[in-house]
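One structure is given here, and the rest of the page talks about it.
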Amino acid sequence: MTSPQRAPGGFPVVGIVGGGQLARMCAAPAAELAITLSVLAEAPDAAAAQVIPSAPIGDHADVETVLAFARECDVVTFDHEHVPAPVLEALVAEGIPLHPTPEALRFAQDKLAMRERLTEIGVACPAWAKVRTADEVEAFAARVGWPVVAKTPRGGYDGKGVRVISSTDEVLDWLDAVGDHGPLADGVLVEEKVEFVRELAVLIARSPSNQAAAWPVVETVQTDSICTEVLAPAPDLDPTLAAVATEAGLRIAEHLGVTGVFAVEMFEVRDPETGAAAYVVNELAMRPHNSGHWSMDGAVTGQFEQHLRAVLDLPLGDPTPREPHTVMANVLGGDYPELYPAYRHVMARDPGLKVHLYGKDVRPGRKIGHVNVSGTDLAALRERAGHAADYLAGVITE
């Protein structure tokens, strides 16, 4: 494992386990902060390895590989949440600072642990239960009504590991796997199917010194369980709900001991008794998040700079938006693998766009980049961002 080139003046090296687009998007703010990045990448052509000079190749699940990588760094953080517990334990035993800590990361890796802890600290969640048998599924459905949402406690993302079921028969294969080694070892998480107004996200940064910062609550738009658009701030959001949702995010950060940037994905719902706007928490992500990509261009301090500040315990930056609205549109892979001609076209058509591509091979439905655009007219911003994303994907050709 070669040593990363340290900047003069005593500036630190931040190690990132995983070479995906989140690590890649840390490169520009790291350069501006005079911080050296080193990335443990999956392959030489991984998204982050293309732009970060120190990018040794290794398996994030191999203890010795991760230890050798981490020993060359001053602090270690993560591009994803899939580093196994034995690897995390070995890093802690070595005395290597980790952000987020394994204790906090557990609540993003294990949805049952997350639901238990959020309920304990009084954060609103859908009705839920851990089930191991068909009778327990039936009992839960009798309480909340069919259909029911079933989730694997570990390993799911972007709609994977989630089923909306209308009978116990639709989850029998999962119940048969309960107790085996794997994502269903402890049981199946079942939740009420929430009738919601829209999906929201709260992005929080917290440092080891307990300084915290919050960006405005955003609206996330999903298509086939994949986020395709983010509206920042969430339009026409009740100010009381905005304050309550932000407070919930800050409370989660404190009680779960989160360090770095993390996202709380929520549903906006109506209080059944008063009809007032309310929230329930859907998921947690212990890392910079798709819902915060707008902040790269739309806030004084973007989420990737803030994440680096937080994990190094530097003073946090100002999360205030630069414009009344920013729209982020995800670019999904289509049928055209050559992106550069389309990339040039959208930049020429709309010079106000900020285009961020991840250096990934194009596959249908794969997130390969995003575009940001900021201004005052939300409807016009949505049209501009959507047009650019569709053109890059090959959905439209004019």
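Following the order of the structure tokens, first chain is A, next is B, and so on, with residues numbered from 1 inside each chain and ligands from 1 in the order they appear.
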Contacts of Ile252 in chain A within 10 Å, only C-alpha atoms, excl. fewer than 4 positions in-chain, as a ChimeraX atom specification | /A:117-118,121-123,204,246-248,256-258,264,284
Using the chain letters and numbers from this document, which residues of range 189-393 of chain A does DSSP assign to strand (DSSP E or B), as number ranges by chain?
-> A: 189-192, 198-206, 212-214, 218-223, 226-232, 260-270, 277-285, 299, 321, 325-332, 354-357, 367-375
Residue subset to file, keeping C-alpha atoms, as a compact mmCIF listing (two decimals), in the first residue's frame:
```
# COMPACT_ATOMS: atom_id res chain seq x y z
CA LEU A 189 -39.16 -5.63 9.25
CA VAL A 190 -42.82 -4.95 8.49
CA GLU A 191 -44.29 -1.45 8.38
CA GLU A 192 -47.65 0.12 7.71
CA ARG A 198 -44.79 13.74 -0.76
CA GLU A 199 -41.27 12.65 0.16
CA LEU A 200 -38.92 14.98 2.01
CA ALA A 201 -35.30 14.82 3.13
CA VAL A 202 -33.38 16.57 5.87
CA LEU A 203 -29.61 16.84 5.46
CA ILE A 204 -27.55 17.36 8.63
CA ALA A 205 -23.84 17.73 9.32
CA ARG A 206 -22.40 17.10 12.79
CA ALA A 212 -24.20 20.83 13.79
CA ALA A 213 -25.58 22.47 10.66
CA ALA A 214 -28.73 21.82 8.65
CA VAL A 218 -36.01 19.42 0.38
CA GLU A 219 -38.62 17.54 -1.62
CA THR A 220 -37.48 14.39 -3.38
CA VAL A 221 -39.32 13.03 -6.41
CA GLN A 222 -39.12 9.28 -6.99
CA THR A 223 -39.64 7.33 -10.21
CA ILE A 226 -35.19 5.89 -7.76
CA CYS A 227 -34.83 9.57 -6.91
CA THR A 228 -35.07 11.52 -10.16
CA GLU A 229 -35.47 15.09 -8.92
CA VAL A 230 -34.82 17.20 -5.80
CA LEU A 231 -36.45 20.57 -5.15
CA ALA A 232 -34.58 22.77 -2.69
CA GLY A 260 -20.17 13.73 9.13
CA VAL A 261 -23.03 14.47 6.76
CA PHE A 262 -26.11 12.27 6.85
CA ALA A 263 -29.63 12.30 5.44
CA VAL A 264 -33.00 11.59 6.99
CA GLU A 265 -35.56 10.54 4.39
CA MET A 266 -39.13 11.34 5.43
CA PHE A 267 -42.73 11.17 4.29
CA GLU A 268 -44.91 14.25 4.66
CA VAL A 269 -48.23 13.07 6.05
CA ARG A 270 -51.39 14.53 7.55
CA ALA A 277 -48.82 18.62 8.17
CA ALA A 278 -46.56 16.09 9.91
CA TYR A 279 -43.73 13.68 9.12
CA VAL A 280 -42.65 10.08 9.61
CA VAL A 281 -39.08 8.92 9.04
CA ASN A 282 -38.56 6.39 6.25
CA GLU A 283 -34.78 5.79 6.03
CA LEU A 284 -31.40 7.05 7.26
CA ALA A 285 -28.20 7.39 5.20
CA ALA A 299 -25.66 26.47 -1.10
CA PRO A 321 -28.99 28.59 -0.12
CA HIS A 325 -34.66 27.66 -5.55
CA THR A 326 -32.29 24.97 -6.79
CA VAL A 327 -33.44 21.94 -8.77
CA MET A 328 -31.34 18.79 -9.06
CA ALA A 329 -32.22 16.23 -11.71
CA ASN A 330 -30.54 12.83 -11.75
CA VAL A 331 -29.16 11.60 -15.07
CA LEU A 332 -30.03 7.94 -15.62
CA LYS A 354 -24.06 22.76 -13.69
CA VAL A 355 -23.47 19.25 -15.06
CA HIS A 356 -21.87 16.61 -12.85
CA LEU A 357 -21.07 13.25 -14.45
CA LYS A 367 -27.34 6.88 -12.00
CA ILE A 368 -24.52 8.31 -14.09
CA GLY A 369 -24.68 11.96 -13.08
CA HIS A 370 -26.87 14.89 -12.14
CA VAL A 371 -27.54 18.47 -13.17
CA ASN A 372 -28.18 21.49 -10.94
CA VAL A 373 -29.79 24.79 -11.84
CA SER A 374 -30.65 27.67 -9.50
CA GLY A 375 -32.84 30.76 -9.74
```
Go through range 231-365 of chain A and collect every residue that DSSP, computed from the backbone, puts in alpha helix (DSSP H); the answer should be as a PyMOL selection string.
-> chain A and resi 239-256+295-298+303-311+340-349
Using only C-alpha atoms, determine which residues lie at most 9 Å from Pro29 in chain A, disregarding the query and same-chain residues fewer than 5 positions distant; provide the list as a VMD selection string.
-> chain A and resid 34 to 35 302 304 to 306 308
Would you list the contacts of range 125-138 of chain A as a PyMOL selection string, taking every protein, DNA or RNA residue within 10 Å and counting only C-alpha atoms, but skipping same-chain residues closer than 3 positions in sequence?
-> chain A and resi 112+115-116+118-119+122+141-146+148-151+153+167-169+171-172+174-179+184-194+266-267+279-283
Write out as an mmCIF file with C-alpha atoms, in the first residue's frame the residues lying within 6 Å of Asp79 in chain A, counting only C-alpha atoms and excluding same-chain residues fewer than 5 positions away.
```cif
data_model
loop_
_atom_site.group_PDB
_atom_site.id
_atom_site.type_symbol
_atom_site.label_atom_id
_atom_site.label_comp_id
_atom_site.auth_asym_id
_atom_site.auth_seq_id
_atom_site.Cartn_x
_atom_site.Cartn_y
_atom_site.Cartn_z
ATOM 1 C CA VAL A 17 -13.448 3.483 1.836
ATOM 2 C CA GLY A 18 -15.172 2.972 -1.510
ATOM 3 C CA LEU A 22 -19.714 10.245 -3.479
ATOM 4 C CA ALA A 23 -15.959 9.868 -2.979
#
```
Nearest to Pro97 in chain A, chosen from A:His80, A:Lys111, A:Arg71, A:His60, with only C-alpha atoms counted in the distances | A:Arg71
Counting only C-alpha atoms, closest pick from A:Ala68, A:Val217, A:Val83, A:Val51 relative to Gly292 in chain A is A:Val217
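Nearest to Asp350 in chain A of all the residues A:Val66, A:Ala385, A:Ala7, A:Leu392 is A:Ala385, based on only C-alpha atoms.
Distances to Thr320 in chain A were evaluated for A:Met296, A:Ala55, A:Leu381, A:Ala61 using only C-alpha atoms, and the minimum falls at A:Met296.
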